Amino acid sequence: MTDEQTRRGLAAGVGAFLIWGTMPLYIHMFAGIPAADVLAHRVLWAFVLLVAAVVALRSWPRLRMAMAAPRLMLMLAASGALIAVNWLIYTWAVLNDRALDTSLGYFMQPLLNVAIGVLLLKEAFPLSKRIAVALAVIGVGIVTVAHGSLPWVSIGLALSFGFYGLIRKYTAVDPVTGLLLETGWLAPVAALWLAMAPRDLFGYGTAIDIALVGSGLITIIPLGLFGYAARRLPLSTIGMLQYLGPSLVFLAAVFVLGEPLDIGRLAAFGCIWAGLVVFSIGGLRAAANPARP
């Protein structure tokens, strides 16, 4: 891997997380539109654009090979359902002034992945990971006590994306083909929803109508950039970049969208951030000493 390829990979990775981190500002433009309608537009236009990408890249052989594998298609149907749940929760949260909860959820994500790996994949559970997961649990407990209910938006986002990643880990398909088939399962449902909704498909004003179509682009562009970066950067670098997205969401929620940062949420974020520091230090030590148990 040359230095130029590494620089390009880093630029692509930063670009992906910049888009994901500022996405609440884009989604917030759709205030007043039902979250399910926004999701349906996002799925439908992403599917159309992905079909165009497959045509442009002449990737039909890979698509046909994937469609001829029933087990793979079922796995992509499951991962498609999970990512749809993730997008719906995210969209609803942003449209209901809960972007801070989405930031907390994606900060929790790496720690939830640890729990999934330990419980389902029987991965090692060293002290650093135990402390990190414990701090995340404490953070959830604090915000639950402070607000009188579980932070279901944060937990729902972390769980849906965590299990989405688990399924995609075992699907032998390239990112474009995989996302096309996932949205292919969802596109008929999205089209039916929009056709049956007691509202016009468009008619929200030219700027918003264009933005609804553009929601397909903001879905596939960061995924494409991330896929490019993942092939050219060390996993440790990708792991550090993943904190950029929720950090930007946090800043956008507080300083642009004006969401209140009460003491309960601040304490919860503090615990999650502390857990991530412990988790990252443990990962760096493990990478530096691969033979150490």
# chains A, B, ... in the order shown; residues from 1 in each chain; ligands from 1

$ select_by_dssp --residues "range 122-195 of chain A" --states "helix (DSSP H, G or I)" --output "number ranges by chain"
A: 127-147, 152-169, 175-195

$ closest_atom_pairs --of "range 106-202 of chain A" --to "range 39-47 of chain A" --cutoff "12 Å" --atoms "only C-alpha atoms" --output "JSON lines"
{"residue": "A:Val176", "atom": "CA", "partner": "A:Phe47", "partner_atom": "CA", "distance": 10.4}
{"residue": "A:Thr177", "atom": "CA", "partner": "A:Phe47", "partner_atom": "CA", "distance": 10.7}
{"residue": "A:Gly178", "atom": "CA", "partner": "A:Phe47", "partner_atom": "CA", "distance": 11.2}
{"residue": "A:Leu179", "atom": "CA", "partner": "A:Phe47", "partner_atom": "CA", "distance": 8.3}
{"residue": "A:Leu180", "atom": "CA", "partner": "A:Phe47", "partner_atom": "CA", "distance": 6.0}
{"residue": "A:Leu181", "atom": "CA", "partner": "A:Phe47", "partner_atom": "CA", "distance": 8.5}
{"residue": "A:Glu182", "atom": "CA", "partner": "A:Phe47", "partner_atom": "CA", "distance": 8.8}
{"residue": "A:Thr183", "atom": "CA", "partner": "A:Phe47", "partner_atom": "CA", "distance": 5.5}
{"residue": "A:Gly184", "atom": "CA", "partner": "A:Phe47", "partner_atom": "CA", "distance": 6.4}
{"residue": "A:Trp185", "atom": "CA", "partner": "A:Phe47", "partner_atom": "CA", "distance": 9.6}
{"residue": "A:Leu186", "atom": "CA", "partner": "A:Val43", "partner_atom": "CA", "distance": 6.9}
{"residue": "A:Ala187", "atom": "CA", "partner": "A:Leu44", "partner_atom": "CA", "distance": 5.3}
{"residue": "A:Pro188", "atom": "CA", "partner": "A:Leu44", "partner_atom": "CA", "distance": 8.2}
{"residue": "A:Val189", "atom": "CA", "partner": "A:Ala40", "partner_atom": "CA", "distance": 8.0}
{"residue": "A:Ala190", "atom": "CA", "partner": "A:Ala40", "partner_atom": "CA", "distance": 4.5}
{"residue": "A:Ala191", "atom": "CA", "partner": "A:Leu44", "partner_atom": "CA", "distance": 6.8}
{"residue": "A:Leu192", "atom": "CA", "partner": "A:Ala40", "partner_atom": "CA", "distance": 9.1}
{"residue": "A:Trp193", "atom": "CA", "partner": "A:Ala40", "partner_atom": "CA", "distance": 7.1}
{"residue": "A:Leu194", "atom": "CA", "partner": "A:Ala40", "partner_atom": "CA", "distance": 6.9}
{"residue": "A:Ala195", "atom": "CA", "partner": "A:Ala40", "partner_atom": "CA", "distance": 10.4}
{"residue": "A:Met196", "atom": "CA", "partner": "A:Ala40", "partner_atom": "CA", "distance": 11.8}
{"residue": "A:Ala197", "atom": "CA", "partner": "A:Ala40", "partner_atom": "CA", "distance": 10.8}
{"residue": "A:Leu201", "atom": "CA", "partner": "A:His41", "partner_atom": "CA", "distance": 8.9}
{"residue": "A:Phe202", "atom": "CA", "partner": "A:His41", "partner_atom": "CA", "distance": 10.0}

$ write_last_selection --atoms "N, CA, C and O atoms" --output "JSON list (two decimals), in the first residue's frame"
[["chain", "number", "residue", "atom", "x", "y", "z"],
["A", 176, "VAL", "N", -21.61, -2.57, -2.76],
["A", 176, "VAL", "CA", -22.63, -2.05, -3.67],
["A", 176, "VAL", "C", -23.71, -3.11, -3.92],
["A", 176, "VAL", "O", -24.91, -2.83, -3.82],
["A", 177, "THR", "N", -23.28, -4.32, -4.23],
["A", 177, "THR", "CA", -24.25, -5.39, -4.48],
["A", 177, "THR", "C", -25.07, -5.68, -3.23],
["A", 177, "THR", "O", -26.28, -5.85, -3.29],
["A", 178, "GLY", "N", -24.40, -5.71, -2.07],
["A", 178, "GLY", "CA", -25.10, -5.99, -0.82],
["A", 178, "GLY", "C", -26.16, -4.95, -0.52],
["A", 178, "GLY", "O", -27.31, -5.28, -0.19],
["A", 179, "LEU", "N", -25.79, -3.67, -0.64],
["A", 179, "LEU", "CA", -26.76, -2.61, -0.33],
["A", 179, "LEU", "C", -27.88, -2.57, -1.36],
["A", 179, "LEU", "O", -29.04, -2.30, -1.03],
["A", 180, "LEU", "N", -27.55, -2.87, -2.63],
["A", 180, "LEU", "CA", -28.59, -2.92, -3.66],
["A", 180, "LEU", "C", -29.62, -4.00, -3.33],
["A", 180, "LEU", "O", -30.84, -3.77, -3.43],
["A", 181, "LEU", "N", -29.16, -5.17, -2.94],
["A", 181, "LEU", "CA", -30.09, -6.25, -2.63],
["A", 181, "LEU", "C", -30.86, -5.97, -1.34],
["A", 181, "LEU", "O", -32.05, -6.31, -1.23],
["A", 182, "GLU", "N", -30.22, -5.34, -0.37],
["A", 182, "GLU", "CA", -30.94, -4.96, 0.86],
["A", 182, "GLU", "C", -32.05, -3.97, 0.55],
["A", 182, "GLU", "O", -33.21, -4.15, 0.97],
["A", 183, "THR", "N", -31.72, -2.93, -0.20],
["A", 183, "THR", "CA", -32.75, -1.95, -0.55],
["A", 183, "THR", "C", -33.74, -2.53, -1.56],
["A", 183, "THR", "O", -34.88, -2.09, -1.62],
["A", 184, "GLY", "N", -33.29, -3.55, -2.32],
["A", 184, "GLY", "CA", -34.22, -4.22, -3.23],
["A", 184, "GLY", "C", -35.34, -4.92, -2.49],
["A", 184, "GLY", "O", -36.49, -4.95, -2.95],
["A", 185, "TRP", "N", -35.02, -5.51, -1.34],
["A", 185, "TRP", "CA", -36.06, -6.10, -0.50],
["A", 185, "TRP", "C", -37.00, -5.03, 0.05],
["A", 185, "TRP", "O", -38.21, -5.25, 0.21],
["A", 186, "LEU", "N", -36.44, -3.86, 0.35],
["A", 186, "LEU", "CA", -37.22, -2.81, 1.01],
["A", 186, "LEU", "C", -37.97, -1.89, 0.03],
["A", 186, "LEU", "O", -38.99, -1.31, 0.40],
["A", 187, "ALA", "N", -37.45, -1.77, -1.20],
["A", 187, "ALA", "CA", -38.01, -0.80, -2.15],
["A", 187, "ALA", "C", -39.50, -1.03, -2.45],
["A", 187, "ALA", "O", -40.27, -0.06, -2.49],
["A", 188, "PRO", "N", -39.96, -2.28, -2.66],
["A", 188, "PRO", "CA", -41.40, -2.46, -2.90],
["A", 188, "PRO", "C", -42.26, -1.99, -1.73],
["A", 188, "PRO", "O", -43.33, -1.41, -1.93],
["A", 189, "VAL", "N", -41.79, -2.25, -0.51],
["A", 189, "VAL", "CA", -42.53, -1.80, 0.67],
["A", 189, "VAL", "C", -42.55, -0.28, 0.72],
["A", 189, "VAL", "O", -43.59, 0.34, 1.01],
["A", 190, "ALA", "N", -41.41, 0.35, 0.42],
["A", 190, "ALA", "CA", -41.33, 1.81, 0.42],
["A", 190, "ALA", "C", -42.26, 2.41, -0.64],
["A", 190, "ALA", "O", -42.97, 3.39, -0.38],
["A", 191, "ALA", "N", -42.25, 1.82, -1.84],
["A", 191, "ALA", "CA", -43.10, 2.33, -2.91],
["A", 191, "ALA", "C", -44.58, 2.18, -2.56],
["A", 191, "ALA", "O", -45.39, 3.08, -2.80],
["A", 192, "LEU", "N", -44.93, 1.03, -1.97],
["A", 192, "LEU", "CA", -46.32, 0.80, -1.57],
["A", 192, "LEU", "C", -46.74, 1.78, -0.48],
["A", 192, "LEU", "O", -47.85, 2.32, -0.50],
["A", 193, "TRP", "N", -45.85, 2.03, 0.47],
["A", 193, "TRP", "CA", -46.15, 2.98, 1.55],
["A", 193, "TRP", "C", -46.44, 4.38, 0.99],
["A", 193, "TRP", "O", -47.42, 5.02, 1.37],
["A", 194, "LEU", "N", -45.58, 4.83, 0.08],
["A", 194, "LEU", "CA", -45.77, 6.16, -0.49],
["A", 194, "LEU", "C", -47.02, 6.21, -1.37],
["A", 194, "LEU", "O", -47.71, 7.23, -1.40],
["A", 195, "ALA", "N", -47.32, 5.10, -2.05],
["A", 195, "ALA", "CA", -48.51, 5.08, -2.91],
["A", 195, "ALA", "C", -49.80, 5.12, -2.09],
["A", 195, "ALA", "O", -50.80, 5.70, -2.51],
["A", 196, "MET", "N", -49.77, 4.49, -0.91],
["A", 196, "MET", "CA", -50.98, 4.40, -0.09],
["A", 196, "MET", "C", -51.11, 5.55, 0.91],
["A", 196, "MET", "O", -52.18, 5.74, 1.51],
["A", 197, "ALA", "N", -50.04, 6.31, 1.11],
["A", 197, "ALA", "CA", -50.09, 7.40, 2.09],
["A", 197, "ALA", "C", -51.07, 8.48, 1.62],
["A", 197, "ALA", "O", -51.15, 8.77, 0.42],
["A", 201, "LEU", "N", -46.74, 12.38, -3.29],
["A", 201, "LEU", "CA", -45.37, 11.90, -3.25],
["A", 201, "LEU", "C", -44.42, 13.06, -3.02],
["A", 201, "LEU", "O", -43.47, 12.97, -2.24],
["A", 202, "PHE", "N", -44.69, 14.18, -3.69],
["A", 202, "PHE", "CA", -43.91, 15.40, -3.51],
["A", 202, "PHE", "C", -44.87, 16.53, -3.13],
["A", 202, "PHE", "O", -45.91, 16.27, -2.55]]

$ closest_residue --among "A:Gly105, A:Ala68, A:Asp174, A:Ala52" --to "Tyr228 in chain A" --atoms "only C-alpha atoms"
A:Asp174

$ closest_atom_pairs --of "range 43-104 of chain A" --to "range 25-36 of chain A" --cutoff "6 Å" --atoms "only C-alpha atoms" --output "JSON lines"
{"residue": "A:Thr91", "atom": "CA", "partner": "A:Ala35", "partner_atom": "CA", "distance": 5.8}
{"residue": "A:Trp92", "atom": "CA", "partner": "A:Ala35", "partner_atom": "CA", "distance": 5.2}
{"residue": "A:Leu95", "atom": "CA", "partner": "A:Ala31", "partner_atom": "CA", "distance": 5.5}

$ closest_residue --among "A:Gly165, A:Gly13, A:Pro24, A:Pro151" --to "Gly264 in chain A" --atoms "only C-alpha atoms"
A:Pro151

$ residues_around --residues "range 87-89 of chain A" --least-positions-apart "4" --cutoff "9 Å" --atoms "only C-alpha atoms" --output "MDAnalysis selection string"
chainID A and resid 35:36 38:39 82:83 93:94 102 153 156:157

$ closest_residue --among "A:Leu266, A:Val48, A:Val133, A:Leu74" --to "Ile220 in chain A" --atoms "only C-alpha atoms"
A:Val48

$ closest_residue --among "A:Ala253, A:Ala230, A:Ala211, A:Val85" --to "Arg8 in chain A" --atoms "only C-alpha atoms"
A:Ala230

$ closest_residue --among "A:Ile221, A:Ser280, A:Cys271, A:Ala99" --to "Gly15 in chain A" --atoms "only C-alpha atoms"
A:Ile221

$ atom_distance --atom1 "CA of Leu225 in chain A" --atom2 "CA of Pro175 in chain A"
10.6 Å

$ residues_around --residues "Ser128 in chain A" --least-positions-apart "2" --cutoff "9 Å" --atoms "only C-alpha atoms" --output "list in words"
Phe125, Pro126, Arg130, Ile131, Ala132, Val133, Gly275, Val278, Phe279, Ser280, Ile281, Gly282 and Gly283 of chain A

$ closest_residue --among "A:Leu10, A:Val118, A:Leu111, A:Val277" --to "Pro234 in chain A" --atoms "only C-alpha atoms"
A:Leu10

$ residues_around --residues "Leu244 in chain A" --least-positions-apart "3" --cutoff "10 Å" --atoms "only C-alpha atoms" --output "list in words"
Gly13, Val14, Ala16, Phe17, Leu18, Trp20, Gly21, Phe107, Gly239, Met240, Leu241, Ser247, Leu248, Val249 and Phe250 of chain A

$ write_last_selection --atoms "C-alpha atoms" --output "tab-separated table (two decimals), in the first residue's frame"
chain	number	residue	atom	x	y	z
A	13	GLY	CA	-12.82	7.80	5.58
A	14	VAL	CA	-12.94	11.35	6.93
A	16	ALA	CA	-17.70	9.37	5.09
A	17	PHE	CA	-17.81	10.27	8.76
A	18	LEU	CA	-18.20	13.98	8.00
A	20	TRP	CA	-22.68	10.86	8.70
A	21	GLY	CA	-21.84	13.44	11.37
A	107	PHE	CA	-20.90	6.23	20.78
A	239	GLY	CA	-11.71	2.38	14.60
A	240	MET	CA	-10.54	5.84	15.61
A	241	LEU	CA	-12.31	7.56	12.70
A	247	SER	CA	-18.86	13.66	17.84
A	248	LEU	CA	-20.10	15.88	15.02
A	249	VAL	CA	-23.70	14.83	15.69
A	250	PHE	CA	-23.19	15.82	19.34

$ residues_around --residues "Ser154 in chain A" --least-positions-apart "3" --cutoff "12 Å" --atoms "only C-alpha atoms" --output "mmCIF file with C-alpha atoms, in the first residue's frame"
data_model
loop_
_atom_site.group_PDB
_atom_site.id
_atom_site.type_symbol
_atom_site.label_atom_id
_atom_site.label_comp_id
_atom_site.auth_asym_id
_atom_site.auth_seq_id
_atom_site.Cartn_x
_atom_site.Cartn_y
_atom_site.Cartn_z
ATOM 1 C CA ASN A 86 -31.974 1.749 12.243
ATOM 2 C CA ILE A 89 -35.290 5.268 14.541
ATOM 3 C CA TYR A 90 -32.610 7.733 13.466
ATOM 4 C CA ALA A 93 -35.219 10.924 16.559
ATOM 5 C CA VAL A 94 -33.803 13.797 14.501
ATOM 6 C CA ARG A 98 -33.583 13.773 19.796
ATOM 7 C CA ALA A 99 -30.336 13.981 17.789
ATOM 8 C CA LEU A 100 -28.342 13.851 21.044
ATOM 9 C CA ASP A 101 -29.810 10.412 21.692
ATOM 10 C CA THR A 102 -28.568 9.253 18.280
ATOM 11 C CA SER A 103 -25.085 10.504 19.125
ATOM 12 C CA LEU A 104 -25.141 8.562 22.393
ATOM 13 C CA GLY A 105 -26.295 5.449 20.518
ATOM 14 C CA TYR A 106 -23.444 5.551 18.031
ATOM 15 C CA PHE A 107 -20.905 6.227 20.780
ATOM 16 C CA MET A 108 -22.269 3.079 22.458
ATOM 17 C CA GLN A 109 -21.872 1.111 19.231
ATOM 18 C CA LEU A 112 -22.088 -3.065 22.145
ATOM 19 C CA ALA A 136 -21.405 1.917 29.134
ATOM 20 C CA GLY A 139 -24.047 5.439 31.481
ATOM 21 C CA VAL A 140 -27.312 3.854 30.359
ATOM 22 C CA VAL A 143 -29.713 8.461 31.819
ATOM 23 C CA THR A 144 -32.496 5.993 32.674
ATOM 24 C CA SER A 149 -37.125 5.637 31.131
ATOM 25 C CA LEU A 150 -34.608 3.676 29.108
ATOM 26 C CA PRO A 151 -32.879 5.652 26.325
ATOM 27 C CA LEU A 157 -29.777 2.382 17.156
ATOM 28 C CA ALA A 158 -26.876 0.538 18.764
ATOM 29 C CA LEU A 159 -28.662 -2.831 18.726
ATOM 30 C CA SER A 160 -30.010 -2.588 15.180
ATOM 31 C CA PHE A 161 -26.682 -1.500 13.716
ATOM 32 C CA GLY A 162 -24.743 -3.947 15.870
ATOM 33 C CA PRO A 246 -21.151 10.837 16.657
ATOM 34 C CA ARG A 265 -27.230 13.082 29.464
ATOM 35 C CA ALA A 268 -24.113 9.351 30.529
ATOM 36 C CA PHE A 269 -21.905 10.729 27.754
ATOM 37 C CA ILE A 272 -19.510 6.272 27.506
#

$ atom_distance --atom1 "CA of Thr22 in chain A" --atom2 "CA of Pro222 in chain A"
11.4 Å
